[in-house]
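One structure is given below, encoded as structure tokens.
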Amino acid sequence: MKNLILIFAAVMSFNVAFASNGEGEVKVIDAERVSVSLDNEGQKDFIISSNYNVDAEKVEFLFKNNVSMIQVYDANGNVEMVLPIGTTDVSLGLSLFEPGTYRMGFMVDGMNDIQFTNVTIK
């Protein structure tokens with residue numbers, strides 16, 4: 001029974017996480033402290049799930065393929081940081097960021113182009 005409840009909760013959070021805002025962007029996280037969106041629905045194929053862990057203040061992603069690197073850009077397009085990853089399970093603490101708007105580029109194995117997300121830290 002416990003497994004059934006966990007599966008149901010996971011499916012529901014997945015469906016809510018990929019709700020579109022109607023403007024082409026797809027919100028994958030919309031929490032009080034952080035918002036993350038993709039540029040378009042076609043990009044959601046590379047993320048299996050996404051979550052904001054309130055207790056740990058972390059943005060968590062589970063990718064279909066390994067992420068080799070994350071590039072973080074500020075609102076002006078300047079590189080803020082480059083993080084080598086090498087896993088499908090990515091967790092980023094909000095303590096890494098000041099409030100503001102960022103673009104995160106994920107280098108995902110098997111994809112030719114960097115996959116960008118828009119991140120707003122509130």
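Chain labels A, B, ... are given in the sequence in which chains occur in the structure tokens; within each chain residues are numbered consecutively from 1, and ligands are likewise numbered from 1 in the order shown.
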
Exercise: A:Asn76 partners within 10 Å, only C-alpha atoms, chain neighbours under 6 positions left out, as a list of chain:residue names: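 That gives A:Thr101, A:Tyr102, A:Arg103.
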
Output N, CA and C atoms for every residue in that selection, as a tab-separated table (two decimals), in the first residue's frame.
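Written output follows (again.tsv):
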```tsv
chain	number	residue	atom	x	y	z
A	101	THR	N	17.16	36.55	-11.77
A	101	THR	CA	16.80	35.69	-12.90
A	101	THR	C	18.07	35.12	-13.52
A	102	TYR	N	18.04	33.83	-13.81
A	102	TYR	CA	19.19	33.13	-14.37
A	102	TYR	C	18.73	32.23	-15.52
A	103	ARG	N	19.71	31.85	-16.37
A	103	ARG	CA	19.50	30.80	-17.37
A	103	ARG	C	20.49	29.70	-17.03
```

Residue contacts of stretch 106-122 of chain A (8 Å, only C-alpha atoms) excluding same-chain residues fewer than 4 positions away, as a ChimeraX atom specification: /A:32-39,43,46,65-71,94,97-102

Using the selection just defined, write its residues with C-alpha atoms as an mmCIF file, in the first residue's frame.
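Contents of the output file result_31.cif:
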```
data_model
loop_
_atom_site.group_PDB
_atom_site.id
_atom_site.type_symbol
_atom_site.label_atom_id
_atom_site.label_comp_id
_atom_site.auth_asym_id
_atom_site.auth_seq_id
_atom_site.Cartn_x
_atom_site.Cartn_y
_atom_site.Cartn_z
ATOM 1 C CA GLU A 32 7.421 30.333 -3.127
ATOM 2 C CA ARG A 33 11.226 30.756 -3.302
ATOM 3 C CA VAL A 34 12.007 29.569 -6.827
ATOM 4 C CA SER A 35 10.501 29.170 -10.266
ATOM 5 C CA VAL A 36 11.977 27.080 -13.088
ATOM 6 C CA SER A 37 10.660 26.922 -16.645
ATOM 7 C CA LEU A 38 11.692 25.511 -20.010
ATOM 8 C CA ASP A 39 11.528 27.562 -23.186
ATOM 9 C CA GLN A 43 12.462 20.340 -24.005
ATOM 10 C CA PHE A 46 15.136 15.351 -21.107
ATOM 11 C CA ASN A 65 20.477 10.847 -19.480
ATOM 12 C CA ASN A 66 23.616 11.922 -17.627
ATOM 13 C CA VAL A 67 24.230 15.637 -17.302
ATOM 14 C CA SER A 68 27.921 16.291 -17.849
ATOM 15 C CA MET A 69 27.900 20.006 -17.014
ATOM 16 C CA ILE A 70 25.688 22.895 -15.955
ATOM 17 C CA GLN A 71 26.394 26.468 -17.053
ATOM 18 C CA LEU A 94 19.573 28.012 -3.474
ATOM 19 C CA PHE A 97 22.314 32.109 -5.920
ATOM 20 C CA GLU A 98 21.345 35.673 -5.100
ATOM 21 C CA PRO A 99 17.714 36.632 -5.777
ATOM 22 C CA GLY A 100 17.275 37.270 -9.491
ATOM 23 C CA THR A 101 16.803 35.687 -12.896
ATOM 24 C CA TYR A 102 19.188 33.127 -14.369
#
```

Between atom CA of A:Glu25 and atom CA of A:Ser95, distance in Å (one decimal):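 Computed distance, atom CA of A:Glu25 to atom CA of A:Ser95, equals 25.4 Å.
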
Two-atom distance - atom CA of A:Val90, atom CA of A:Phe61 (Å):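 It comes out at 5.1 Å.
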
Would you list the contacts of stretch 47-50 of chain A as a CSV table (one decimal) with C-alpha atoms, in the first residue's frame, taking every protein, DNA or RNA residue within 6 Å and counting only C-alpha atoms, but skipping same-chain residues closer than 3 positions in sequence?
```
chain,number,residue,atom,x,y,z
A,14,PHE,CA,5.1,14.9,-12.4
A,44,LYS,CA,10.6,18.4,-21.3
A,60,GLU,CA,16.2,18.8,-7.6
A,61,PHE,CA,16.1,17.3,-11.1
A,62,LEU,CA,16.1,13.7,-12.4
A,63,PHE,CA,17.3,13.6,-16.0
A,64,LYS,CA,16.8,10.8,-18.6
```

DSSP-assigned helix (DSSP H, G or I) members of chain A, reported as a ChimeraX atom specification: /A:2-17,41-46,94-96

For the residues in the current selection, export N, CA and C atoms as a CSV table (one decimal), in the first residue's frame.
```csv
chain,number,residue,atom,x,y,z
A,2,LYS,N,1.9,1.2,0.8
A,2,LYS,CA,2.8,2.4,0.9
A,2,LYS,C,3.4,2.7,-0.5
A,3,ASN,N,3.8,1.6,-1.2
A,3,ASN,CA,4.4,1.8,-2.6
A,3,ASN,C,3.4,2.4,-3.5
A,4,LEU,N,2.1,2.0,-3.4
A,4,LEU,CA,1.1,2.5,-4.3
A,4,LEU,C,0.9,4.0,-4.0
A,5,ILE,N,0.9,4.4,-2.8
A,5,ILE,CA,0.7,5.8,-2.4
A,5,ILE,C,1.9,6.6,-3.0
A,6,LEU,N,3.1,6.1,-2.8
A,6,LEU,CA,4.3,6.8,-3.3
A,6,LEU,C,4.3,6.9,-4.8
A,7,ILE,N,3.8,5.9,-5.5
A,7,ILE,CA,3.7,5.9,-7.0
A,7,ILE,C,2.7,7.0,-7.4
A,8,PHE,N,1.6,7.0,-6.7
A,8,PHE,CA,0.5,7.9,-7.0
A,8,PHE,C,1.0,9.4,-6.8
A,9,ALA,N,1.7,9.6,-5.7
A,9,ALA,CA,2.2,10.9,-5.4
A,9,ALA,C,3.2,11.4,-6.5
A,10,ALA,N,4.1,10.4,-6.9
A,10,ALA,CA,5.1,10.7,-7.9
A,10,ALA,C,4.5,11.1,-9.2
A,11,VAL,N,3.5,10.3,-9.6
A,11,VAL,CA,2.8,10.6,-10.9
A,11,VAL,C,2.1,12.0,-10.8
A,12,MET,N,1.4,12.3,-9.7
A,12,MET,CA,0.7,13.5,-9.6
A,12,MET,C,1.7,14.7,-9.6
A,13,SER,N,2.8,14.6,-8.9
A,13,SER,CA,3.8,15.7,-8.9
A,13,SER,C,4.4,15.9,-10.3
A,14,PHE,N,4.6,14.8,-11.0
A,14,PHE,CA,5.1,14.9,-12.4
A,14,PHE,C,4.1,15.6,-13.3
A,15,ASN,N,2.8,15.3,-13.2
A,15,ASN,CA,1.8,15.9,-14.0
A,15,ASN,C,1.7,17.4,-13.7
A,16,VAL,N,1.8,17.8,-12.4
A,16,VAL,CA,1.7,19.2,-12.0
A,16,VAL,C,2.9,19.9,-12.5
A,17,ALA,N,4.1,19.3,-12.3
A,17,ALA,CA,5.3,19.9,-12.6
A,17,ALA,C,5.4,20.3,-14.1
A,41,GLU,N,7.7,23.2,-24.8
A,41,GLU,CA,7.3,21.8,-24.3
A,41,GLU,C,8.2,20.7,-24.9
A,42,GLY,N,8.8,20.9,-26.0
A,42,GLY,CA,9.7,19.9,-26.6
A,42,GLY,C,10.9,19.6,-25.7
A,43,GLN,N,11.3,20.5,-24.9
A,43,GLN,CA,12.5,20.3,-24.0
A,43,GLN,C,12.2,19.4,-22.8
A,44,LYS,N,10.9,19.2,-22.5
A,44,LYS,CA,10.6,18.4,-21.3
A,44,LYS,C,11.0,17.0,-21.4
A,45,ASP,N,11.4,16.5,-22.6
A,45,ASP,CA,11.7,15.1,-22.8
A,45,ASP,C,13.0,14.8,-22.0
A,46,PHE,N,13.9,15.7,-21.7
A,46,PHE,CA,15.1,15.4,-21.1
A,46,PHE,C,15.1,15.4,-19.6
A,94,LEU,N,19.9,26.6,-3.2
A,94,LEU,CA,19.6,28.0,-3.5
A,94,LEU,C,20.6,28.9,-2.9
A,95,SER,N,21.4,28.4,-1.9
A,95,SER,CA,22.5,29.3,-1.3
A,95,SER,C,23.5,29.6,-2.3
A,96,LEU,N,23.6,28.9,-3.5
A,96,LEU,CA,24.5,29.3,-4.6
A,96,LEU,C,24.1,30.6,-5.3
```

Computed interatomic separation between atom CA of A:Met104 and atom CA of A:Ala56 (Å):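 Going from atom CA of A:Met104 over to atom CA of A:Ala56, I get 20.1 Å.
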